[in-house]
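Undergrad: Input structure.cif, format and content: mmCIF, N, CA and C atoms and all ligand atoms.
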data_run
#
loop_
_atom_site.group_PDB
_atom_site.id
_atom_site.type_symbol
_atom_site.label_atom_id
_atom_site.label_comp_id
_atom_site.auth_asym_id
_atom_site.auth_seq_id
_atom_site.Cartn_x
_atom_site.Cartn_y
_atom_site.Cartn_z
ATOM 1 N N MET A 1 32.772 51.521 61.700
ATOM 2 C CA MET A 1 33.928 52.425 61.835
ATOM 3 C C MET A 1 33.446 53.778 62.371
ATOM 4 N N ASN A 2 34.072 54.254 63.403
ATOM 5 C CA ASN A 2 33.727 55.595 63.874
ATOM 6 C C ASN A 2 34.672 56.623 63.255
ATOM 7 N N TYR A 3 34.411 57.869 63.565
ATOM 8 C CA TYR A 3 35.175 58.956 62.950
ATOM 9 C C TYR A 3 36.652 58.867 63.285
ATOM 10 N N LYS A 4 36.928 58.514 64.506
ATOM 11 C CA LYS A 4 38.315 58.403 64.962
ATOM 12 C C LYS A 4 39.092 57.364 64.176
ATOM 13 N N GLU A 5 38.443 56.234 63.926
ATOM 14 C CA GLU A 5 39.089 55.194 63.123
ATOM 15 C C GLU A 5 39.205 55.651 61.672
ATOM 16 N N TYR A 6 38.158 56.314 61.235
ATOM 17 C CA TYR A 6 38.130 56.760 59.834
ATOM 18 C C TYR A 6 39.300 57.669 59.500
ATOM 19 N N ILE A 7 39.566 58.634 60.393
ATOM 20 C CA ILE A 7 40.632 59.574 60.057
ATOM 21 C C ILE A 7 42.030 58.932 60.126
ATOM 22 N N GLN A 8 42.115 57.714 60.597
ATOM 23 C CA GLN A 8 43.380 56.957 60.541
ATOM 24 C C GLN A 8 43.442 56.099 59.288
ATOM 25 N N SER A 9 42.363 56.039 58.562
ATOM 26 C CA SER A 9 42.275 55.063 57.472
ATOM 27 C C SER A 9 43.018 55.529 56.226
ATOM 28 N N ASP A 10 43.352 54.569 55.381
ATOM 29 C CA ASP A 10 44.043 54.889 54.135
ATOM 30 C C ASP A 10 43.147 55.689 53.192
ATOM 31 N N GLU A 11 41.842 55.407 53.224
ATOM 32 C CA GLU A 11 40.911 56.140 52.360
ATOM 33 C C GLU A 11 40.963 57.627 52.668
ATOM 34 N N TRP A 12 40.892 57.935 53.958
ATOM 35 C CA TRP A 12 40.922 59.340 54.360
ATOM 36 C C TRP A 12 42.263 59.983 54.013
ATOM 37 N N LYS A 13 43.321 59.258 54.281
ATOM 38 C CA LYS A 13 44.649 59.811 54.009
ATOM 39 C C LYS A 13 44.846 60.086 52.521
ATOM 40 N N ALA A 14 44.337 59.187 51.687
ATOM 41 C CA ALA A 14 44.465 59.351 50.240
ATOM 42 C C ALA A 14 43.662 60.566 49.773
ATOM 43 N N LEU A 15 42.465 60.695 50.308
ATOM 44 C CA LEU A 15 41.607 61.816 49.934
ATOM 45 C C LEU A 15 42.214 63.145 50.381
ATOM 46 N N ARG A 16 42.720 63.149 51.598
ATOM 47 C CA ARG A 16 43.349 64.346 52.148
ATOM 48 C C ARG A 16 44.563 64.754 51.307
ATOM 49 N N GLN A 17 45.336 63.746 50.897
ATOM 50 C CA GLN A 17 46.518 64.011 50.080
ATOM 51 C C GLN A 17 46.125 64.602 48.730
ATOM 52 N N LYS A 18 45.046 64.081 48.159
ATOM 53 C CA LYS A 18 44.539 64.586 46.882
ATOM 54 C C LYS A 18 44.140 66.050 47.000
ATOM 55 N N ARG A 19 43.416 66.356 48.063
ATOM 56 C CA ARG A 19 42.966 67.727 48.291
ATOM 57 C C ARG A 19 44.167 68.656 48.491
ATOM 58 N N LEU A 20 45.128 68.141 49.244
ATOM 59 C CA LEU A 20 46.340 68.903 49.534
ATOM 60 C C LEU A 20 47.063 69.265 48.238
ATOM 61 N N GLU A 21 47.163 68.305 47.340
ATOM 62 C CA GLU A 21 47.850 68.559 46.076
ATOM 63 C C GLU A 21 47.028 69.488 45.196
ATOM 64 N N LYS A 22 45.733 69.318 45.223
ATOM 65 C CA LYS A 22 44.845 70.187 44.448
ATOM 66 C C LYS A 22 44.957 71.639 44.892
ATOM 67 N N ASP A 23 45.108 71.830 46.171
ATOM 68 C CA ASP A 23 45.193 73.189 46.706
ATOM 69 C C ASP A 23 46.624 73.735 46.677
ATOM 70 N N GLY A 24 47.529 72.982 46.059
ATOM 71 C CA GLY A 24 48.895 73.466 45.883
ATOM 72 C C GLY A 24 49.739 73.371 47.141
ATOM 73 N N LEU A 25 49.423 72.398 48.002
ATOM 74 C CA LEU A 25 50.185 72.154 49.231
ATOM 75 C C LEU A 25 50.258 73.388 50.124
ATOM 76 N N CYS A 26 49.218 74.186 50.085
ATOM 77 C CA CYS A 26 49.210 75.342 50.970
ATOM 78 C C CYS A 26 47.777 75.737 51.323
ATOM 79 N N CYS A 27 47.699 76.615 52.302
ATOM 80 C CA CYS A 27 46.417 77.139 52.756
ATOM 81 C C CYS A 27 45.741 77.903 51.610
ATOM 82 N N ILE A 28 44.467 77.625 51.367
ATOM 83 C CA ILE A 28 43.799 78.292 50.244
ATOM 84 C C ILE A 28 43.548 79.772 50.533
ATOM 85 N N LEU A 29 43.607 80.157 51.776
ATOM 86 C CA LEU A 29 43.326 81.555 52.108
ATOM 87 C C LEU A 29 44.588 82.408 52.131
ATOM 88 N N CYS A 30 45.609 81.964 52.855
ATOM 89 C CA CYS A 30 46.794 82.823 53.001
ATOM 90 C C CYS A 30 48.040 82.234 52.354
ATOM 91 N N LYS A 31 47.907 81.037 51.754
ATOM 92 C CA LYS A 31 49.022 80.393 51.044
ATOM 93 C C LYS A 31 50.157 79.932 51.951
ATOM 94 N N ALA A 32 49.921 79.918 53.234
ATOM 95 C CA ALA A 32 50.935 79.359 54.128
ATOM 96 C C ALA A 32 51.096 77.873 53.819
ATOM 97 N N SER A 33 52.312 77.364 54.014
ATOM 98 C CA SER A 33 52.523 75.944 53.741
ATOM 99 C C SER A 33 52.862 75.165 55.006
ATOM 100 N N MET A 34 52.619 75.776 56.133
ATOM 101 C CA MET A 34 52.839 75.100 57.406
ATOM 102 C C MET A 34 51.552 75.014 58.195
ATOM 103 N N TRP A 35 51.511 74.105 59.133
ATOM 104 C CA TRP A 35 50.378 73.956 60.034
ATOM 105 C C TRP A 35 49.082 73.710 59.269
ATOM 106 N N LEU A 36 49.187 72.865 58.275
ATOM 107 C CA LEU A 36 48.021 72.658 57.414
ATOM 108 C C LEU A 36 47.038 71.656 57.998
ATOM 109 N N ILE A 37 45.790 71.933 57.718
ATOM 110 C CA ILE A 37 44.687 71.126 58.216
ATOM 111 C C ILE A 37 43.724 70.883 57.068
ATOM 112 N N CYS A 38 43.211 69.693 56.983
ATOM 113 C CA CYS A 38 42.203 69.403 55.976
ATOM 114 C C CYS A 38 40.838 69.627 56.617
ATOM 115 N N HIS A 39 40.209 70.704 56.249
ATOM 116 C CA HIS A 39 38.969 71.136 56.881
ATOM 117 C C HIS A 39 37.751 70.646 56.109
ATOM 118 N N HIS A 40 36.766 70.177 56.837
ATOM 119 C CA HIS A 40 35.502 69.770 56.219
ATOM 120 C C HIS A 40 34.590 70.980 56.032
ATOM 121 N N LEU A 41 34.183 71.223 54.817
ATOM 122 C CA LEU A 41 33.170 72.254 54.579
ATOM 123 C C LEU A 41 31.807 71.743 55.021
ATOM 124 N N THR A 42 31.633 70.469 54.894
ATOM 125 C CA THR A 42 30.392 69.847 55.331
ATOM 126 C C THR A 42 30.695 68.445 55.849
ATOM 127 N N TYR A 43 29.918 68.012 56.810
ATOM 128 C CA TYR A 43 30.038 66.636 57.288
ATOM 129 C C TYR A 43 28.910 65.770 56.757
ATOM 130 N N ASP A 44 28.178 66.308 55.787
ATOM 131 C CA ASP A 44 27.041 65.563 55.252
ATOM 132 C C ASP A 44 27.448 64.221 54.646
ATOM 133 N N ASN A 45 28.644 64.194 54.057
ATOM 134 C CA ASN A 45 29.080 62.962 53.391
ATOM 135 C C ASN A 45 30.184 62.268 54.168
ATOM 136 N N ILE A 46 30.160 62.468 55.467
ATOM 137 C CA ILE A 46 31.217 61.905 56.293
ATOM 138 C C ILE A 46 31.372 60.406 56.040
ATOM 139 N N PHE A 47 32.614 59.967 55.956
ATOM 140 C CA PHE A 47 33.041 58.602 55.623
ATOM 141 C C PHE A 47 33.070 58.367 54.111
ATOM 142 N N GLN A 48 32.398 59.190 53.345
ATOM 143 C CA GLN A 48 32.567 59.100 51.892
ATOM 144 C C GLN A 48 32.518 60.495 51.287
ATOM 145 N N GLU A 49 33.388 61.327 51.822
ATOM 146 C CA GLU A 49 33.425 62.705 51.370
ATOM 147 C C GLU A 49 33.777 62.816 49.902
ATOM 148 N N ASP A 50 33.217 63.807 49.297
ATOM 149 C CA ASP A 50 33.667 64.231 47.988
ATOM 150 C C ASP A 50 34.880 65.119 48.223
ATOM 151 N N ILE A 51 35.778 65.146 47.266
ATOM 152 C CA ILE A 51 36.968 65.985 47.441
ATOM 153 C C ILE A 51 36.564 67.452 47.615
ATOM 154 N N ASN A 52 35.438 67.821 47.056
ATOM 155 C CA ASN A 52 34.962 69.199 47.167
ATOM 156 C C ASN A 52 34.337 69.522 48.528
ATOM 157 N N ASP A 53 34.225 68.526 49.369
ATOM 158 C CA ASP A 53 33.743 68.767 50.731
ATOM 159 C C ASP A 53 34.874 69.261 51.629
ATOM 160 N N LEU A 54 36.091 69.237 51.084
ATOM 161 C CA LEU A 54 37.268 69.529 51.903
ATOM 162 C C LEU A 54 38.035 70.721 51.355
ATOM 163 N N VAL A 55 38.720 71.410 52.240
ATOM 164 C CA VAL A 55 39.669 72.436 51.807
ATOM 165 C C VAL A 55 40.873 72.397 52.732
ATOM 166 N N ILE A 56 41.997 72.836 52.200
ATOM 167 C CA ILE A 56 43.212 72.907 53.008
ATOM 168 C C ILE A 56 43.334 74.314 53.593
ATOM 169 N N LEU A 57 43.481 74.352 54.887
ATOM 170 C CA LEU A 57 43.665 75.622 55.593
ATOM 171 C C LEU A 57 44.862 75.497 56.514
ATOM 172 N N CYS A 58 45.485 76.629 56.815
ATOM 173 C CA CYS A 58 46.508 76.585 57.848
ATOM 174 C C CYS A 58 45.797 76.716 59.199
ATOM 175 N N HIS A 59 46.514 76.459 60.239
ATOM 176 C CA HIS A 59 45.913 76.468 61.565
ATOM 177 C C HIS A 59 45.241 77.807 61.868
ATOM 178 N N ARG A 60 45.927 78.892 61.525
ATOM 179 C CA ARG A 60 45.402 80.215 61.842
ATOM 180 C C ARG A 60 44.086 80.492 61.107
ATOM 181 N N CYS A 61 44.080 80.194 59.808
ATOM 182 C CA CYS A 61 42.861 80.419 59.027
ATOM 183 C C CYS A 61 41.766 79.460 59.462
ATOM 184 N N HIS A 62 42.164 78.264 59.852
ATOM 185 C CA HIS A 62 41.195 77.271 60.294
ATOM 186 C C HIS A 62 40.434 77.760 61.524
ATOM 187 N N VAL A 63 41.188 78.298 62.459
ATOM 188 C CA VAL A 63 40.562 78.833 63.670
ATOM 189 C C VAL A 63 39.584 79.950 63.295
ATOM 190 N N ARG A 64 40.030 80.795 62.380
ATOM 191 C CA ARG A 64 39.196 81.920 61.947
ATOM 192 C C ARG A 64 37.908 81.425 61.274
ATOM 193 N N VAL A 65 38.080 80.451 60.397
ATOM 194 C CA VAL A 65 36.915 79.908 59.686
ATOM 195 C C VAL A 65 35.909 79.312 60.668
ATOM 196 N N HIS A 66 36.423 78.592 61.641
ATOM 197 C CA HIS A 66 35.514 77.971 62.603
ATOM 198 C C HIS A 66 34.807 79.006 63.457
ATOM 199 N N ARG A 67 35.468 80.117 63.680
ATOM 200 C CA ARG A 67 34.849 81.176 64.468
ATOM 201 C C ARG A 67 33.694 81.810 63.675
ATOM 202 N N ILE A 68 33.927 81.965 62.376
ATOM 203 C CA ILE A 68 32.914 82.594 61.525
ATOM 204 C C ILE A 68 31.753 81.641 61.240
ATOM 205 N N CYS A 69 32.088 80.422 60.895
ATOM 206 C CA CYS A 69 31.029 79.467 60.553
ATOM 207 C C CYS A 69 31.292 78.112 61.184
ATOM 208 N N PRO A 70 30.891 77.963 62.439
ATOM 209 C CA PRO A 70 31.117 76.690 63.121
ATOM 210 C C PRO A 70 30.352 75.569 62.420
ATOM 211 N N PRO A 71 31.028 74.501 62.071
ATOM 212 C CA PRO A 71 30.331 73.396 61.414
ATOM 213 C C PRO A 71 29.310 72.784 62.359
ATOM 214 N N ARG A 72 28.198 72.446 61.810
ATOM 215 C CA ARG A 72 27.101 71.960 62.641
ATOM 216 C C ARG A 72 27.142 70.462 62.848
ATOM 217 N N HIS A 73 27.894 69.774 62.023
ATOM 218 C CA HIS A 73 27.776 68.324 62.040
ATOM 219 C C HIS A 73 29.042 67.622 62.502
ATOM 220 N N ILE A 74 29.832 68.288 63.276
ATOM 221 C CA ILE A 74 31.028 67.633 63.794
ATOM 222 C C ILE A 74 30.603 66.521 64.755
ATOM 223 N N PRO A 75 31.091 65.331 64.471
ATOM 224 C CA PRO A 75 30.758 64.231 65.377
ATOM 225 C C PRO A 75 31.163 64.584 66.800
ATOM 226 N N LYS A 76 30.287 64.288 67.725
ATOM 227 C CA LYS A 76 30.427 64.755 69.092
ATOM 228 C C LYS A 76 31.746 64.394 69.766
ATOM 229 N N LEU A 77 32.205 63.195 69.541
ATOM 230 C CA LEU A 77 33.393 62.731 70.259
ATOM 231 C C LEU A 77 34.675 63.399 69.793
ATOM 232 N N VAL A 78 34.575 64.096 68.708
ATOM 233 C CA VAL A 78 35.781 64.489 68.012
ATOM 234 C C VAL A 78 36.333 65.818 68.481
ATOM 235 N N ASN A 79 37.592 65.798 68.793
ATOM 236 C CA ASN A 79 38.308 67.049 68.920
ATOM 237 C C ASN A 79 38.856 67.309 67.533
ATOM 238 N N GLU A 80 38.256 68.216 66.834
ATOM 239 C CA GLU A 80 38.505 68.316 65.406
ATOM 240 C C GLU A 80 39.967 68.597 65.075
ATOM 241 N N TYR A 81 40.594 69.446 65.815
ATOM 242 C CA TYR A 81 41.991 69.760 65.496
ATOM 243 C C TYR A 81 42.859 68.540 65.571
ATOM 244 N N LYS A 82 42.661 67.805 66.623
ATOM 245 C CA LYS A 82 43.440 66.609 66.825
ATOM 246 C C LYS A 82 43.312 65.711 65.621
ATOM 247 N N ASP A 83 42.102 65.614 65.102
ATOM 248 C CA ASP A 83 41.840 64.629 64.067
ATOM 249 C C ASP A 83 42.156 65.121 62.663
ATOM 250 N N GLU A 84 42.076 66.394 62.445
ATOM 251 C CA GLU A 84 42.303 66.888 61.098
ATOM 252 C C GLU A 84 43.749 67.256 60.851
ATOM 253 N N ARG A 85 44.517 67.372 61.924
ATOM 254 C CA ARG A 85 45.790 68.074 61.769
ATOM 255 C C ARG A 85 46.846 67.281 61.021
ATOM 256 N N ALA A 86 46.741 65.971 61.022
ATOM 257 C CA ALA A 86 47.874 65.184 60.565
ATOM 258 C C ALA A 86 48.025 65.198 59.050
ATOM 259 N N VAL A 87 48.521 66.281 58.563
ATOM 260 C CA VAL A 87 48.815 66.407 57.143
ATOM 261 C C VAL A 87 50.185 65.764 56.899
ATOM 262 N N PRO A 88 50.309 65.009 55.847
ATOM 263 C CA PRO A 88 51.573 64.289 55.620
ATOM 264 C C PRO A 88 52.780 65.225 55.573
ATOM 265 N N ARG A 89 53.884 64.718 56.038
ATOM 266 C CA ARG A 89 55.086 65.520 56.142
ATOM 267 C C ARG A 89 55.812 65.644 54.794
ATOM 268 N N SER A 90 55.377 64.889 53.816
ATOM 269 C CA SER A 90 56.071 64.870 52.528
ATOM 270 C C SER A 90 56.056 66.237 51.857
ATOM 271 N N LYS A 91 56.932 66.410 50.890
ATOM 272 C CA LYS A 91 56.969 67.614 50.064
ATOM 273 C C LYS A 91 57.086 68.898 50.873
ATOM 274 N N GLY A 92 57.800 68.837 51.960
ATOM 275 C CA GLY A 92 58.082 70.049 52.716
ATOM 276 C C GLY A 92 56.919 70.587 53.523
ATOM 277 N N VAL A 93 55.833 69.846 53.574
ATOM 278 C CA VAL A 93 54.701 70.297 54.364
ATOM 279 C C VAL A 93 54.879 69.798 55.788
ATOM 280 N N ARG A 94 54.738 70.688 56.722
ATOM 281 C CA ARG A 94 54.974 70.285 58.103
ATOM 282 C C ARG A 94 53.712 69.813 58.796
ATOM 283 N N LEU A 95 53.907 68.893 59.647
ATOM 284 C CA LEU A 95 52.807 68.422 60.473
ATOM 285 C C LEU A 95 52.389 69.479 61.471
ATOM 286 N N PHE A 96 51.136 69.532 61.712
ATOM 287 C CA PHE A 96 50.628 70.307 62.813
ATOM 288 C C PHE A 96 51.137 69.642 64.080
ATOM 289 N N ALA A 97 51.784 70.409 64.928
ATOM 290 C CA ALA A 97 52.421 69.823 66.106
ATOM 291 C C ALA A 97 51.427 69.049 66.953
ATOM 292 N N SER A 98 51.824 67.903 67.380
ATOM 293 C CA SER A 98 50.898 67.143 68.219
ATOM 294 C C SER A 98 51.038 67.552 69.659
ATOM 295 N N ARG A 99 49.979 67.446 70.347
ATOM 296 C CA ARG A 99 49.921 67.881 71.724
ATOM 297 C C ARG A 99 49.299 66.794 72.566
HETATM 298 ZN ZN ZN A 101 46.000 80.332 56.121
HETATM 299 ZN ZN ZN A 102 37.745 72.333 60.382
#
Please express the file's structure as C-alpha cells.
Ligand SMILES: [Zn+2]
Ligand SMILES: [Zn+2]
TA:
Amino acid sequence: MNYKEYIQSDEWKALRQKRLEKDGLCCILCKASMWLICHHLTYDNIFQEDINDLVILCHRCHVRVHRICPPRHIPKLVNEYKDERAVPRSKGVRLFASR
C-alpha cells in the first residue's frame, strides 16, 4: 500500500476522525472549524501512526506551520494538501474544497 492508497483507507479515516474529535472538531491553534486538515507532526510511523502523531489544523494555520517547520519525511509523490484535506463533513465540519 502506498501513501495515496493509505489516506483513502478506513484505518486512516478512523484515526483522523478520532483525532478530530479529540481536538474538539476545530483547529488546535485558532479554533476555526472550517478548512480542517489532519496534519502529521511526524511521518516516522507512517501507515501506523499514533494518534499523537497527528493534529487538527485549519488550512491557514497548516500553511503557517509548514512554513515554520517543513516536515522532512513527506513521501515524495504526495501533494500533502490534497491528501490530508478530506476531513469528514459530519458534525458541521466542512471539507477543504477540492481542486
Ligand atoms: Zn487555525
Ligand atoms: Zn501537514
Undergrad: Would you compute the distance between CA of Lys18 (chain A) and atom C of Arg67 (chain A)? Give it in Å to one decimal.
TA: 26.4 Å
Undergrad: Translate the PyMOL selection byres (((chain A and resi 39 and name CA) around 8) and not hetatm and name CA) into a concrete residue list for this structure, as a list of chain:residue names.
TA: A:Ile37, A:Cys38, A:His40, A:Leu41, A:Leu54, A:Val55, A:Ile56, A:Leu57, A:His62, A:Glu84
Undergrad: Select the residues contacting ligand ZN 101 (chain A) at a distance of at most 7 Å, based on only C-alpha atoms and all ligand atoms, then format the selection as a ChimeraX atom specification.
TA: /A:27-32,57-61
Undergrad: For the selection you just gave me, I'd like the residues written to a file as an mmCIF file, in the frame of the given file, keeping N, CA and C atoms.
TA:
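What landed in again13.cif:
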data_model
loop_
_atom_site.group_PDB
_atom_site.id
_atom_site.type_symbol
_atom_site.label_atom_id
_atom_site.label_comp_id
_atom_site.auth_asym_id
_atom_site.auth_seq_id
_atom_site.Cartn_x
_atom_site.Cartn_y
_atom_site.Cartn_z
ATOM 1 N N CYS A 27 47.699 76.615 52.302
ATOM 2 C CA CYS A 27 46.417 77.139 52.756
ATOM 3 C C CYS A 27 45.741 77.903 51.610
ATOM 4 N N ILE A 28 44.467 77.625 51.367
ATOM 5 C CA ILE A 28 43.799 78.292 50.244
ATOM 6 C C ILE A 28 43.548 79.772 50.533
ATOM 7 N N LEU A 29 43.607 80.157 51.776
ATOM 8 C CA LEU A 29 43.326 81.555 52.108
ATOM 9 C C LEU A 29 44.588 82.408 52.131
ATOM 10 N N CYS A 30 45.609 81.964 52.855
ATOM 11 C CA CYS A 30 46.794 82.823 53.001
ATOM 12 C C CYS A 30 48.040 82.234 52.354
ATOM 13 N N LYS A 31 47.907 81.037 51.754
ATOM 14 C CA LYS A 31 49.022 80.393 51.044
ATOM 15 C C LYS A 31 50.157 79.932 51.951
ATOM 16 N N ALA A 32 49.921 79.918 53.234
ATOM 17 C CA ALA A 32 50.935 79.359 54.128
ATOM 18 C C ALA A 32 51.096 77.873 53.819
ATOM 19 N N LEU A 57 43.481 74.352 54.887
ATOM 20 C CA LEU A 57 43.665 75.622 55.593
ATOM 21 C C LEU A 57 44.862 75.497 56.514
ATOM 22 N N CYS A 58 45.485 76.629 56.815
ATOM 23 C CA CYS A 58 46.508 76.585 57.848
ATOM 24 C C CYS A 58 45.797 76.716 59.199
ATOM 25 N N HIS A 59 46.514 76.459 60.239
ATOM 26 C CA HIS A 59 45.913 76.468 61.565
ATOM 27 C C HIS A 59 45.241 77.807 61.868
ATOM 28 N N ARG A 60 45.927 78.892 61.525
ATOM 29 C CA ARG A 60 45.402 80.215 61.842
ATOM 30 C C ARG A 60 44.086 80.492 61.107
ATOM 31 N N CYS A 61 44.080 80.194 59.808
ATOM 32 C CA CYS A 61 42.861 80.419 59.027
ATOM 33 C C CYS A 61 41.766 79.460 59.462
#
Undergrad: Using all atoms of region 37-42 of chain A that appear in the file, construct an axis-aligned enclosing box with 3 Å of padding on every side and provide its centre coordinates and edge lengths in Å, rounded to one decimal, as lines of an AutoDock Vina configuration file.
TA:
center_x = 38.1
center_y = 70.3
center_z = 56.4
size_x = 21.4
size_y = 9.8
size_z = 9.6
Undergrad: For CA of Tyr6 (chain A) and atom C of Asp44 (chain A), determine how far apart the two atoms are, in Å to one decimal place.
TA: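 Atom-to-atom, CA of Tyr6 (chain A) and atom C of Asp44 (chain A) are spaced 14.0 Å apart.
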Undergrad: Would you please work out which residue, of A:Ile7, A:Arg16, A:Thr42, A:Asn52, is nearest to ligand ZN 102 (chain A) when using only C-alpha atoms and all ligand atoms?
TA: A:Thr42
Undergrad: Rounded to one decimal in Å, what is the spacing between atom C of Leu20 (chain A) and CA of Glu49 (chain A)?
TA: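 Answer for the atom C of Leu20 (chain A) to CA of Glu49 (chain A) separation: 15.5 Å.
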Undergrad: Go through A:Val63, A:Ala14, A:Ile68, A:Ile46 one by one, measure the shortest atom-to-atom distance of each to ligand ZN 102 (chain A) using only C-alpha atoms and all ligand atoms, and give the residue with the smallest value.
TA: A:Val63
Undergrad: How would region 42-59 of chain A of the given structure read as a file with N, CA and C atoms, as an mmCIF file, in the first residue's frame?
TA:
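Result went into out-v5.cif, see below:
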data_model
loop_
_atom_site.group_PDB
_atom_site.id
_atom_site.type_symbol
_atom_site.label_atom_id
_atom_site.label_comp_id
_atom_site.auth_asym_id
_atom_site.auth_seq_id
_atom_site.Cartn_x
_atom_site.Cartn_y
_atom_site.Cartn_z
ATOM 1 N N THR A 42 4.807 14.028 12.615
ATOM 2 C CA THR A 42 5.936 13.217 12.181
ATOM 3 C C THR A 42 5.440 12.158 11.204
ATOM 4 N N TYR A 43 6.289 11.796 10.275
ATOM 5 C CA TYR A 43 5.963 10.696 9.369
ATOM 6 C C TYR A 43 6.713 9.432 9.748
ATOM 7 N N ASP A 44 7.314 9.452 10.933
ATOM 8 C CA ASP A 44 8.099 8.296 11.356
ATOM 9 C C ASP A 44 7.269 7.016 11.435
ATOM 10 N N ASN A 45 5.998 7.176 11.808
ATOM 11 C CA ASN A 45 5.152 5.991 11.975
ATOM 12 C C ASN A 45 4.119 5.882 10.869
ATOM 13 N N ILE A 46 4.477 6.410 9.719
ATOM 14 C CA ILE A 46 3.530 6.422 8.616
ATOM 15 C C ILE A 46 2.978 5.021 8.350
ATOM 16 N N PHE A 47 1.683 4.954 8.111
ATOM 17 C CA PHE A 47 0.888 3.733 7.925
ATOM 18 C C PHE A 47 0.470 3.116 9.261
ATOM 19 N N GLN A 48 1.126 3.470 10.338
ATOM 20 C CA GLN A 48 0.622 3.042 11.646
ATOM 21 C C GLN A 48 0.857 4.145 12.667
ATOM 22 N N GLU A 49 0.344 5.306 12.309
ATOM 23 C CA GLU A 49 0.528 6.459 13.170
ATOM 24 C C GLU A 49 -0.106 6.264 14.530
ATOM 25 N N ASP A 50 0.519 6.849 15.495
ATOM 26 C CA ASP A 50 -0.101 7.014 16.793
ATOM 27 C C ASP A 50 -0.992 8.242 16.686
ATOM 28 N N ILE A 51 -2.049 8.266 17.463
ATOM 29 C CA ILE A 51 -2.942 9.428 17.400
ATOM 30 C C ILE A 51 -2.181 10.705 17.765
ATOM 31 N N ASN A 52 -1.154 10.568 18.567
ATOM 32 C CA ASN A 52 -0.359 11.727 18.972
ATOM 33 C C ASN A 52 0.611 12.212 17.889
ATOM 34 N N ASP A 53 0.673 11.493 16.799
ATOM 35 C CA ASP A 53 1.489 11.944 15.668
ATOM 36 C C ASP A 53 0.732 12.968 14.826
ATOM 37 N N LEU A 54 -0.548 13.149 15.157
ATOM 38 C CA LEU A 54 -1.413 13.978 14.316
ATOM 39 C C LEU A 54 -1.985 15.145 15.104
ATOM 40 N N VAL A 55 -2.277 16.215 14.399
ATOM 41 C CA VAL A 55 -3.034 17.314 14.999
ATOM 42 C C VAL A 55 -3.978 17.876 13.950
ATOM 43 N N ILE A 56 -5.059 18.459 14.430
ATOM 44 C CA ILE A 56 -6.013 19.093 13.524
ATOM 45 C C ILE A 56 -5.673 20.580 13.410
ATOM 46 N N LEU A 57 -5.516 21.007 12.189
ATOM 47 C CA LEU A 57 -5.238 22.418 11.910
ATOM 48 C C LEU A 57 -6.197 22.898 10.838
ATOM 49 N N CYS A 58 -6.457 24.199 10.831
ATOM 50 C CA CYS A 58 -7.206 24.734 9.705
ATOM 51 C C CYS A 58 -6.201 25.015 8.582
ATOM 52 N N HIS A 59 -6.709 25.268 7.424
ATOM 53 C CA HIS A 59 -5.842 25.462 6.270
ATOM 54 C C HIS A 59 -4.829 26.581 6.511
#
